[in-house]
file query-v5.cif (mmCIF, C-alpha atoms and all ligand atoms)
data_final
#
loop_
_atom_site.label_atom_id
_atom_site.label_comp_id
_atom_site.auth_asym_id
_atom_site.auth_seq_id
_atom_site.Cartn_x
_atom_site.Cartn_y
_atom_site.Cartn_z
CA MET A 1 0.00 0.00 0.00
CA ILE A 2 1.26 3.47 -0.93
CA ARG A 3 0.90 6.71 1.02
CA LEU A 4 1.01 9.68 -1.32
CA ALA A 5 1.46 12.99 0.51
CA VAL A 6 1.20 16.49 -0.86
CA ARG A 7 2.62 19.35 1.20
CA VAL A 8 1.12 22.76 0.59
CA ARG A 9 1.49 26.23 2.09
CA ARG A 10 -0.95 26.76 4.97
CA ALA A 11 -2.21 30.05 3.52
CA ASP A 12 -3.48 28.20 0.41
CA ALA A 13 -4.31 24.89 2.05
CA GLU A 14 -8.12 25.06 1.90
CA VAL A 15 -8.13 25.92 -1.79
CA ALA A 16 -5.65 23.14 -2.54
CA LEU A 17 -7.73 20.70 -0.48
CA ALA A 18 -10.85 21.51 -2.51
CA GLU A 19 -8.99 20.54 -5.67
CA LEU A 20 -7.37 17.46 -4.13
CA LEU A 21 -10.76 16.15 -2.99
CA GLU A 22 -11.83 16.06 -6.61
CA LEU A 23 -9.08 13.47 -7.11
CA ALA A 24 -9.60 11.72 -3.77
CA PRO A 25 -13.31 12.03 -2.98
CA SER A 26 -13.14 9.54 -0.12
CA GLY A 27 -11.10 12.07 1.82
CA VAL A 28 -7.54 12.75 2.74
CA GLU A 29 -5.45 12.50 5.87
CA GLU A 30 -4.45 15.94 7.18
CA VAL A 31 -1.22 16.54 9.09
CA ASP A 32 -0.39 19.94 10.58
CA LEU A 33 3.22 20.93 9.81
CA GLY A 34 3.12 24.52 11.08
CA ASP A 35 3.35 26.84 8.09
CA ARG A 36 2.58 23.89 5.81
CA VAL A 37 -0.17 21.26 5.72
CA GLU A 38 0.31 17.71 4.49
CA TYR A 39 -2.59 15.98 2.76
CA ALA A 40 -2.12 12.25 2.25
CA ILE A 41 -4.07 9.59 0.42
CA TYR A 42 -3.63 5.83 0.58
CA GLY A 43 -4.04 3.31 -2.18
CA ALA A 44 -2.61 0.36 -4.01
CA PRO A 45 -0.06 1.12 -6.75
CA GLY A 46 -2.05 2.02 -9.87
CA GLU A 47 -5.10 3.11 -7.89
CA LEU A 48 -3.70 6.46 -6.83
CA PRO A 49 -4.09 9.66 -8.87
CA GLU A 50 -1.31 10.37 -11.37
CA LEU A 51 1.48 12.60 -10.08
CA PRO A 52 0.97 15.37 -12.68
CA ASP A 53 -2.76 15.49 -11.83
CA LEU A 54 -1.91 15.78 -8.16
CA GLN A 55 0.61 18.53 -8.79
CA ALA A 56 -1.89 20.42 -10.94
CA ALA A 57 -4.57 20.06 -8.26
CA ALA A 58 -2.32 21.46 -5.53
CA GLY A 59 -1.41 24.31 -7.88
CA ASP A 60 0.69 27.24 -6.68
CA ALA A 61 0.33 26.08 -3.08
CA LEU A 62 2.45 22.99 -3.75
CA VAL A 63 5.64 22.62 -1.72
CA GLU A 64 6.47 18.92 -1.99
CA VAL A 65 5.09 15.51 -3.02
CA LEU A 66 6.24 12.45 -1.06
CA THR A 67 5.53 8.80 -1.74
CA THR A 68 6.06 6.16 0.94
CA ARG A 69 5.21 2.50 1.14
CA VAL A 70 3.15 1.73 4.26
CA ALA A 71 2.66 -1.49 6.17
CA ASP A 72 -0.37 -3.65 5.55
CA ASP A 73 -2.03 -2.31 8.70
CA TRP A 74 -2.72 0.99 6.89
CA ALA A 75 -6.47 0.50 7.11
CA GLU A 76 -6.24 0.24 10.89
CA ARG A 77 -4.04 3.31 11.04
CA TRP A 78 -6.50 5.25 8.89
CA LYS A 79 -9.18 4.35 11.40
CA ASP A 80 -7.05 5.87 14.16
CA PHE A 81 -7.13 9.38 12.73
CA HIS A 82 -10.79 9.23 11.74
CA GLN A 83 -12.69 10.61 14.74
CA PRO A 84 -16.43 10.92 15.49
CA ILE A 85 -17.97 14.30 14.64
CA GLU A 86 -20.42 16.15 16.84
CA VAL A 87 -22.69 18.67 15.10
CA GLY A 88 -24.83 21.31 16.75
CA GLY A 89 -24.96 19.45 20.03
CA ARG A 90 -27.54 17.14 18.43
CA LEU A 91 -25.74 14.76 16.08
CA LEU A 92 -22.91 12.32 16.46
CA VAL A 93 -21.62 11.11 13.10
CA ARG A 94 -19.32 8.17 13.65
CA ALA A 95 -17.87 5.16 11.92
CA PRO A 96 -19.01 1.62 12.82
CA TRP A 97 -15.74 1.04 14.70
CA HIS A 98 -16.35 4.01 17.05
CA ARG A 99 -18.11 3.42 20.31
CA ALA A 100 -21.80 4.49 20.32
CA GLY A 101 -22.19 7.57 22.51
CA GLY A 102 -18.98 9.05 21.16
CA ARG A 103 -15.78 10.17 22.72
CA ASP A 104 -15.34 10.13 26.45
CA GLY A 105 -17.53 12.77 27.99
CA VAL A 106 -19.84 12.99 24.95
CA ALA A 107 -23.06 11.57 26.22
CA ALA A 108 -26.43 10.67 24.72
CA PRO A 109 -28.95 11.88 23.70
CA LEU A 110 -27.14 12.79 20.51
CA GLN A 111 -28.71 11.42 17.34
CA ASP A 112 -26.37 8.60 16.35
CA VAL A 113 -25.48 8.48 12.63
CA VAL A 114 -23.21 5.60 11.64
CA ILE A 115 -21.32 6.01 8.39
CA ASP A 116 -18.85 3.57 6.89
CA PRO A 117 -17.31 5.85 4.27
CA GLY A 118 -15.89 3.00 2.19
CA GLN A 119 -14.96 4.39 -1.21
CA ALA A 120 -17.43 7.28 -1.07
CA PHE A 121 -16.97 10.89 0.07
CA GLY A 122 -18.59 11.79 3.36
CA THR A 123 -17.28 10.81 6.78
CA GLY A 124 -19.01 13.95 8.04
CA ALA A 125 -15.67 15.48 8.93
CA HIS A 126 -15.29 17.79 5.97
CA HIS A 127 -16.24 21.46 6.50
CA THR A 128 -18.72 21.31 3.62
CA THR A 129 -20.58 18.30 5.04
CA ARG A 130 -20.67 19.78 8.53
CA LEU A 131 -22.10 23.05 7.19
CA CYS A 132 -24.88 21.10 5.43
CA LEU A 133 -25.64 19.21 8.62
CA GLN A 134 -25.81 22.46 10.61
CA LEU A 135 -28.27 23.99 8.14
CA LEU A 136 -30.29 20.77 8.02
CA LEU A 137 -30.62 20.84 11.82
CA ALA A 138 -32.06 24.35 11.52
CA LEU A 139 -34.93 23.11 9.27
CA ASP A 140 -38.18 21.72 10.66
CA ALA A 141 -38.56 17.99 10.14
CA GLU A 142 -42.24 18.20 11.14
CA PRO A 143 -44.51 17.61 9.36
CA PRO A 144 -42.32 15.10 7.48
CA ARG A 145 -41.05 16.47 4.17
CA GLY A 146 -39.32 14.65 1.37
CA VAL A 147 -35.59 15.14 0.78
CA MET A 148 -33.37 14.74 -2.28
CA ASP A 149 -29.61 14.51 -1.59
CA VAL A 150 -27.85 15.53 -4.80
CA GLY A 151 -24.35 14.01 -4.79
CA CYS A 152 -25.06 11.72 -1.86
CA GLY A 153 -21.57 10.18 -1.49
CA SER A 154 -21.60 8.00 1.62
CA GLY A 155 -25.23 9.02 2.23
CA VAL A 156 -24.35 10.98 5.36
CA LEU A 157 -26.73 13.87 4.64
CA ALA A 158 -29.62 11.73 3.40
CA ILE A 159 -29.34 9.33 6.32
CA THR A 160 -29.16 12.15 8.85
CA ALA A 161 -32.27 13.69 7.28
CA ALA A 162 -34.11 10.37 7.58
CA LYS A 163 -33.05 10.02 11.20
CA LEU A 164 -34.24 13.55 11.95
CA GLY A 165 -37.72 12.60 10.66
CA PHE A 166 -37.66 13.86 7.07
CA GLY A 167 -39.11 11.49 4.50
CA PRO A 168 -39.24 9.99 2.01
CA VAL A 169 -35.52 10.48 1.43
CA ALA A 170 -33.76 9.91 -1.89
CA GLY A 171 -30.26 10.48 -3.17
CA ILE A 172 -28.41 10.50 -6.47
CA ASP A 173 -24.74 10.25 -7.34
CA HIS A 174 -22.86 9.54 -10.55
CA GLU A 175 -20.60 7.04 -8.81
CA ARG A 176 -21.68 3.44 -8.40
CA GLU A 177 -19.69 3.21 -5.13
CA SER A 178 -21.59 6.17 -3.67
CA VAL A 179 -24.99 4.67 -4.47
CA ALA A 180 -23.93 1.36 -2.91
CA ALA A 181 -22.46 3.09 0.16
CA THR A 182 -25.64 5.13 0.66
CA VAL A 183 -27.87 2.05 0.54
CA GLN A 184 -25.58 0.09 2.87
CA ASN A 185 -25.20 2.95 5.35
CA ALA A 186 -28.95 3.55 5.35
CA ALA A 187 -29.46 -0.10 6.31
CA LEU A 188 -26.81 0.26 9.03
CA ASN A 189 -28.88 3.10 10.49
CA GLY A 190 -32.25 1.37 10.10
CA VAL A 191 -33.58 3.95 7.62
CA THR A 192 -34.50 3.84 3.94
CA VAL A 193 -32.88 6.02 1.31
CA GLN A 194 -33.80 5.50 -2.33
CA ALA A 195 -30.40 5.94 -3.97
CA THR A 196 -29.89 5.90 -7.73
CA ARG A 197 -27.16 6.66 -10.21
CA HIS A 198 -27.53 9.95 -12.03
CA ASP A 199 -24.89 12.13 -13.64
CA LEU A 200 -25.77 15.80 -13.32
CA MET A 201 -23.54 16.64 -16.29
CA HIS A 202 -25.10 14.16 -18.72
CA ASP A 203 -28.45 12.91 -17.46
CA GLY A 204 -30.28 16.25 -17.19
CA PRO A 205 -32.13 17.56 -14.15
CA THR A 206 -32.62 15.28 -11.18
CA ALA A 207 -35.95 14.69 -9.44
CA GLY A 208 -36.81 17.39 -6.91
CA ALA A 209 -38.20 17.19 -3.39
CA PRO A 210 -39.43 19.76 -0.84
CA VAL A 211 -35.91 19.84 0.62
CA VAL A 212 -32.82 19.47 -1.58
CA LEU A 213 -29.36 18.93 -0.12
CA ALA A 214 -26.51 19.64 -2.52
CA ASN A 215 -22.94 19.43 -1.29
CA LEU A 216 -21.28 19.90 -4.67
CA LEU A 217 -18.63 22.23 -5.99
CA ARG A 218 -19.47 25.58 -7.63
CA PRO A 219 -19.67 24.39 -11.28
CA LEU A 220 -22.15 21.63 -10.44
CA LEU A 221 -24.23 23.93 -8.24
CA LEU A 222 -24.46 26.40 -11.11
CA GLN A 223 -25.50 23.51 -13.37
CA VAL A 224 -28.22 22.47 -10.90
CA ALA A 225 -29.42 26.08 -10.62
CA ALA A 226 -29.67 26.29 -14.42
CA ASP A 227 -31.26 22.85 -14.95
CA GLY A 228 -33.72 22.93 -12.05
CA PHE A 229 -35.59 19.80 -10.97
CA THR A 230 -38.21 17.50 -12.39
CA GLY A 231 -41.44 16.87 -10.48
CA VAL A 232 -41.68 18.43 -7.03
CA GLN A 233 -40.00 21.83 -6.83
CA PRO A 234 -37.99 22.49 -3.64
CA ASP A 235 -39.06 24.94 -0.95
CA ALA A 236 -35.57 24.76 0.52
CA VAL A 237 -32.16 24.04 -0.99
CA ILE A 238 -29.02 23.66 1.10
CA ALA A 239 -26.09 24.37 -1.20
CA SER A 240 -22.59 23.62 0.04
CA GLY A 241 -19.12 22.92 -1.34
CA LEU A 242 -18.50 26.59 -2.05
CA LEU A 243 -15.46 28.63 -1.30
CA ALA A 244 -16.61 31.74 0.56
CA HIS A 245 -16.04 34.05 -2.43
CA GLU A 246 -18.22 31.80 -4.67
CA ALA A 247 -21.35 31.99 -2.52
CA ASP A 248 -22.79 35.24 -3.95
CA GLU A 249 -22.64 33.91 -7.50
CA VAL A 250 -24.41 30.66 -6.60
CA ALA A 251 -27.06 32.44 -4.50
CA ALA A 252 -27.74 34.77 -7.44
CA ALA A 253 -28.04 31.84 -9.86
CA PHE A 254 -30.63 30.06 -7.70
CA ALA A 255 -32.54 33.34 -7.25
CA ALA A 256 -32.61 34.05 -10.98
CA ARG A 257 -33.28 30.52 -12.24
CA GLN A 258 -35.24 28.87 -9.40
CA GLY A 259 -36.85 31.77 -7.51
CA LEU A 260 -35.09 30.77 -4.29
CA ARG A 261 -33.77 33.44 -1.91
CA GLU A 262 -30.89 33.27 0.50
CA ALA A 263 -32.20 32.71 4.04
CA ASP A 264 -28.97 31.76 5.81
CA ARG A 265 -25.25 31.52 5.09
CA ARG A 266 -22.72 29.69 7.24
CA HIS A 267 -18.93 29.66 7.05
CA SER A 268 -16.29 27.19 8.18
CA GLY A 269 -12.65 27.57 7.21
CA GLU A 270 -12.59 28.82 3.62
CA TRP A 271 -15.96 27.24 2.90
CA ALA A 272 -19.50 28.56 2.80
CA ALA A 273 -22.94 26.96 2.62
CA LEU A 274 -26.27 28.53 1.75
CA LEU A 275 -29.84 27.92 2.80
CA LEU A 276 -32.06 29.04 -0.08
CA THR A 277 -35.83 29.14 0.42
CA ARG A 278 -38.89 29.99 -1.65
C1 LIG A 301 -18.52 16.75 -1.79
S1 LIG A 301 -19.18 15.17 -2.09
C2 LIG A 301 -20.58 15.22 -0.99
C3 LIG A 301 -20.88 13.88 -0.35
C4 LIG A 301 -21.88 13.93 0.79
N1 LIG A 301 -23.20 14.37 0.29
C5 LIG A 301 -21.40 14.87 1.88
O1 LIG A 301 -22.01 15.91 2.06
O2 LIG A 301 -20.43 14.55 2.57
C6 LIG A 301 -19.89 15.39 -3.69
C7 LIG A 301 -20.55 14.19 -4.27
O3 LIG A 301 -21.05 14.56 -5.55
C8 LIG A 301 -20.84 13.48 -6.44
N2 LIG A 301 -20.77 14.02 -7.80
C9 LIG A 301 -19.73 14.66 -8.38
N3 LIG A 301 -20.01 14.94 -9.67
C10 LIG A 301 -21.27 14.48 -9.91
C11 LIG A 301 -22.11 14.47 -11.06
N4 LIG A 301 -21.72 14.97 -12.23
N5 LIG A 301 -23.33 13.90 -10.95
C12 LIG A 301 -23.74 13.36 -9.78
N6 LIG A 301 -22.99 13.34 -8.67
C13 LIG A 301 -21.76 13.90 -8.72
C14 LIG A 301 -19.53 12.86 -6.00
O4 LIG A 301 -19.44 11.51 -6.43
C15 LIG A 301 -19.62 13.01 -4.48
O5 LIG A 301 -20.17 11.86 -3.89
#
call {"tool": "encode", "arguments": {"input": "query-v5.cif", "output": "structure tokens", "more": "lines below"}}
Ligand SMILES: C[S@@+](CC[C@H](N)C(=O)[O-])C[C@H]1O[C@@H](n2cnc3c(N)ncnc32)[C@H](O)[C@@H]1O
result
Amino acid sequence: MIRLAVRVRRADAEVALAELLELAPSGVEEVDLGDRVEYAIYGAPGELPELPDLQAAAGDALVEVLTTRVADDWAERWKDFHQPIEVGGRLLVRAPWHRAGGRDGVAAPLQDVVIDPGQAFGTGAHHTTRLCLQLLLALDAEPPRGVMDVGCGSGVLAITAAKLGFGPVAGIDHERESVAATVQNAALNGVTVQATRHDLMHDGPTAGAPVVLANLLRPLLLQVAADGFTGVQPDAVIASGLLAHEADEVAAAFAARQGLREADRRHSGEWAALLLTR
């Protein structure tokens, strides 16, 4: 197993990370090196992104690329740095190998969301996912309203919505692994999420729902704003995956094309997420 590490300047780290996650959607290990940050991915030889792609993704922030061979216990070591996430004092998003109830001192009654990220993006740890979860917590789940999770990844947002009482809940993703992970994680949590494969770039607009969750990057959010939805039109869209300076443009696109207005905006690190309502 290979560990491929990219060292970038701290000042540009968030921007570089956004690009790197396009190449490594299941997430990266983050190591603080003071004025630099190291992002590392693990994989078998041949399964890792090509070096030139990685260098291009890190862009001007790039300081160094290091490749090391790691012992066969890499999967266990990856588990060590993956920690449970608490959101809004109400949710605990954890992996199956974490103890229910969370870290020491974190007590019930947090809503327990168990996510085995597998090959799909979405441990809950990324700023963009957390921002979505915060905005989702601010919405009323009663009376139950349907949800569409656009780019569902591991299913973390869809499953949380189902556990909060929203329903029926559906999700789409262009990756087969994401659809499978969403269905498996939903079962792990005792909820149902109707997950299907759909490519926003080639398959046209996705089905709508009263609440749409969309943790995508700017180009795809602009595509969704332009394409709209089939069937039910959303009363609320949570749009995340935006760098802070991109939020105005995306809010304006949803206002112009979908008649949705910005009701809330949250920031975390370099990222921003929007709640857009009718
Ligand atoms: C940032 S991840 C979000 C995952 C999860 N919803 C979360 O919040 O943690 C974006 C997801 O969008 C999916 N995606 C990217 N391009 C897509 C496309 N063209 N059509 C459908 N899904 C896409 C990726 O596979 C990935 O699972």
call {"tool": "residues_near_ligand", "arguments": {"input": "query-v5.cif", "ligand": "ligand LIG 301 (chain A)", "cutoff": "7 Å", "atoms": "all atoms listed in the file", "output": "PDB file with C-alpha atoms, in the frame of the given file"}}
result
ATOM      1  CA  PRO A  25     -13.310  12.030  -2.980  1.00  0.00           C
ATOM      2  CA  ALA A 120     -17.430   7.280  -1.070  1.00  0.00           C
ATOM      3  CA  PHE A 121     -16.970  10.890   0.070  1.00  0.00           C
ATOM      4  CA  GLY A 122     -18.590  11.790   3.360  1.00  0.00           C
ATOM      5  CA  THR A 123     -17.280  10.810   6.780  1.00  0.00           C
ATOM      6  CA  GLY A 124     -19.010  13.950   8.040  1.00  0.00           C
ATOM      7  CA  HIS A 126     -15.290  17.790   5.970  1.00  0.00           C
ATOM      8  CA  THR A 128     -18.720  21.310   3.620  1.00  0.00           C
ATOM      9  CA  THR A 129     -20.580  18.300   5.040  1.00  0.00           C
ATOM     10  CA  CYS A 132     -24.880  21.100   5.430  1.00  0.00           C
ATOM     11  CA  ASP A 149     -29.610  14.510  -1.590  1.00  0.00           C
ATOM     12  CA  VAL A 150     -27.850  15.530  -4.800  1.00  0.00           C
ATOM     13  CA  GLY A 151     -24.350  14.010  -4.790  1.00  0.00           C
ATOM     14  CA  CYS A 152     -25.060  11.720  -1.860  1.00  0.00           C
ATOM     15  CA  GLY A 153     -21.570  10.180  -1.490  1.00  0.00           C
ATOM     16  CA  SER A 154     -21.600   8.000   1.620  1.00  0.00           C
ATOM     17  CA  GLY A 155     -25.230   9.020   2.230  1.00  0.00           C
ATOM     18  CA  VAL A 156     -24.350  10.980   5.360  1.00  0.00           C
ATOM     19  CA  LEU A 157     -26.730  13.870   4.640  1.00  0.00           C
ATOM     20  CA  ILE A 172     -28.410  10.500  -6.470  1.00  0.00           C
ATOM     21  CA  ASP A 173     -24.740  10.250  -7.340  1.00  0.00           C
ATOM     22  CA  HIS A 174     -22.860   9.540 -10.550  1.00  0.00           C
ATOM     23  CA  GLU A 175     -20.600   7.040  -8.810  1.00  0.00           C
ATOM     24  CA  SER A 178     -21.590   6.170  -3.670  1.00  0.00           C
ATOM     25  CA  HIS A 198     -27.530   9.950 -12.030  1.00  0.00           C
ATOM     26  CA  ASP A 199     -24.890  12.130 -13.640  1.00  0.00           C
ATOM     27  CA  LEU A 200     -25.770  15.800 -13.320  1.00  0.00           C
ATOM     28  CA  MET A 201     -23.540  16.640 -16.290  1.00  0.00           C
ATOM     29  CA  ALA A 214     -26.510  19.640  -2.520  1.00  0.00           C
ATOM     30  CA  ASN A 215     -22.940  19.430  -1.290  1.00  0.00           C
ATOM     31  CA  LEU A 216     -21.280  19.900  -4.670  1.00  0.00           C
ATOM     32  CA  LEU A 217     -18.630  22.230  -5.990  1.00  0.00           C
ATOM     33  CA  LEU A 220     -22.150  21.630 -10.440  1.00  0.00           C
ATOM     34  CA  GLY A 241     -19.120  22.920  -1.340  1.00  0.00           C
TER      35      GLY A 241
END
call {"tool": "residues_near_point", "arguments": {"input": "query-v5.cif", "point": "(-7.7, 10.1, -1.1)", "cutoff": "10 Å", "atoms": "only C-alpha atoms", "output": "list of chain:residue names"}}
result
A:Arg3, A:Leu4, A:Ala5, A:Leu20, A:Leu21, A:Glu22, A:Leu23, A:Ala24, A:Pro25, A:Ser26, A:Gly27, A:Val28, A:Glu29, A:Tyr39, A:Ala40, A:Ile41, A:Tyr42, A:Gly43, A:Leu48, A:Pro49, A:Gln119, A:Phe121
call {"tool": "closest_residue", "arguments": {"input": "query-v5.cif", "among": "A:Asp60, A:Asp235, A:Asp264, A:Asp112", "to": "Gly190 (chain A)", "atoms": "all atoms listed in the file"}}
result
A:Asp112
call {"tool": "residues_near_point", "arguments": {"input": "query-v5.cif", "point": "(-22.8, 27.5, 12.4)", "cutoff": "7 Å", "atoms": "all atoms listed in the file", "output": "number ranges by chain"}}
result
A: 131, 134, 266-267
call {"tool": "closest_residue", "arguments": {"input": "query-v5.cif", "among": "A:Val212, A:Ala125, A:Ala95, A:Asn185", "to": "Gly146 (chain A)", "atoms": "all atoms listed in the file"}}
result
A:Val212
call {"tool": "atom_distance", "arguments": {"input": "query-v5.cif", "atom1": "CA of Glu19 (chain A)", "atom2": "CA of Ile159 (chain A)"}}
result
26.1 Å
call {"tool": "atom_distance", "arguments": {"input": "query-v5.cif", "atom1": "CA of Ala162 (chain A)", "atom2": "CA of Pro84 (chain A)"}}
result
19.4 Å
call {"tool": "closest_residue", "arguments": {"input": "query-v5.cif", "among": "A:Ala225, A:Val191, A:Gly167, A:Arg197", "to": "Glu142 (chain A)", "atoms": "only C-alpha atoms"}}
result
A:Gly167
call {"tool": "closest_residue", "arguments": {"input": "query-v5.cif", "among": "A:Val93, A:Gly59, A:Leu110, A:Glu86", "to": "Val15 (chain A)", "atoms": "all atoms listed in the file"}}
result
A:Gly59
call {"tool": "closest_residue", "arguments": {"input": "query-v5.cif", "among": "A:Ala158, A:Val63, A:Leu164, A:Val224", "to": "Ala195 (chain A)", "atoms": "only C-alpha atoms"}}
result
A:Ala158
call {"tool": "atom_distance", "arguments": {"input": "query-v5.cif", "atom1": "CA of Val65 (chain A)", "atom2": "CA of Val6 (chain A)"}}
result
4.6 Å
call {"tool": "closest_residue", "arguments": {"input": "query-v5.cif", "among": "A:Ala57, A:Ile85, A:Ala251, A:Ile115", "to": "Gln184 (chain A)", "atoms": "all atoms listed in the file"}}
result
A:Ile115
call {"tool": "axis_aligned_box", "arguments": {"input": "query-v5.cif", "around": "region 230-240 of chain A", "padding_each_side": "8 Å", "output": "JSON"}}
result
{"center_x": -32.1, "center_y": 20.9, "center_z": -5.6, "size_x": 35.1, "size_y": 24.1, "size_z": 29.5}
call {"tool": "residues_around", "arguments": {"input": "query-v5.cif", "residues": "Pro210 (chain A)", "least_positions_apart": "2", "cutoff": "12 Å", "atoms": "all atoms listed in the file", "output": "NGL selection string"}}
result
:A and (139-141 or 143-149 or 166-170 or 207-208 or 212-213 or 229-238 or 276-278)
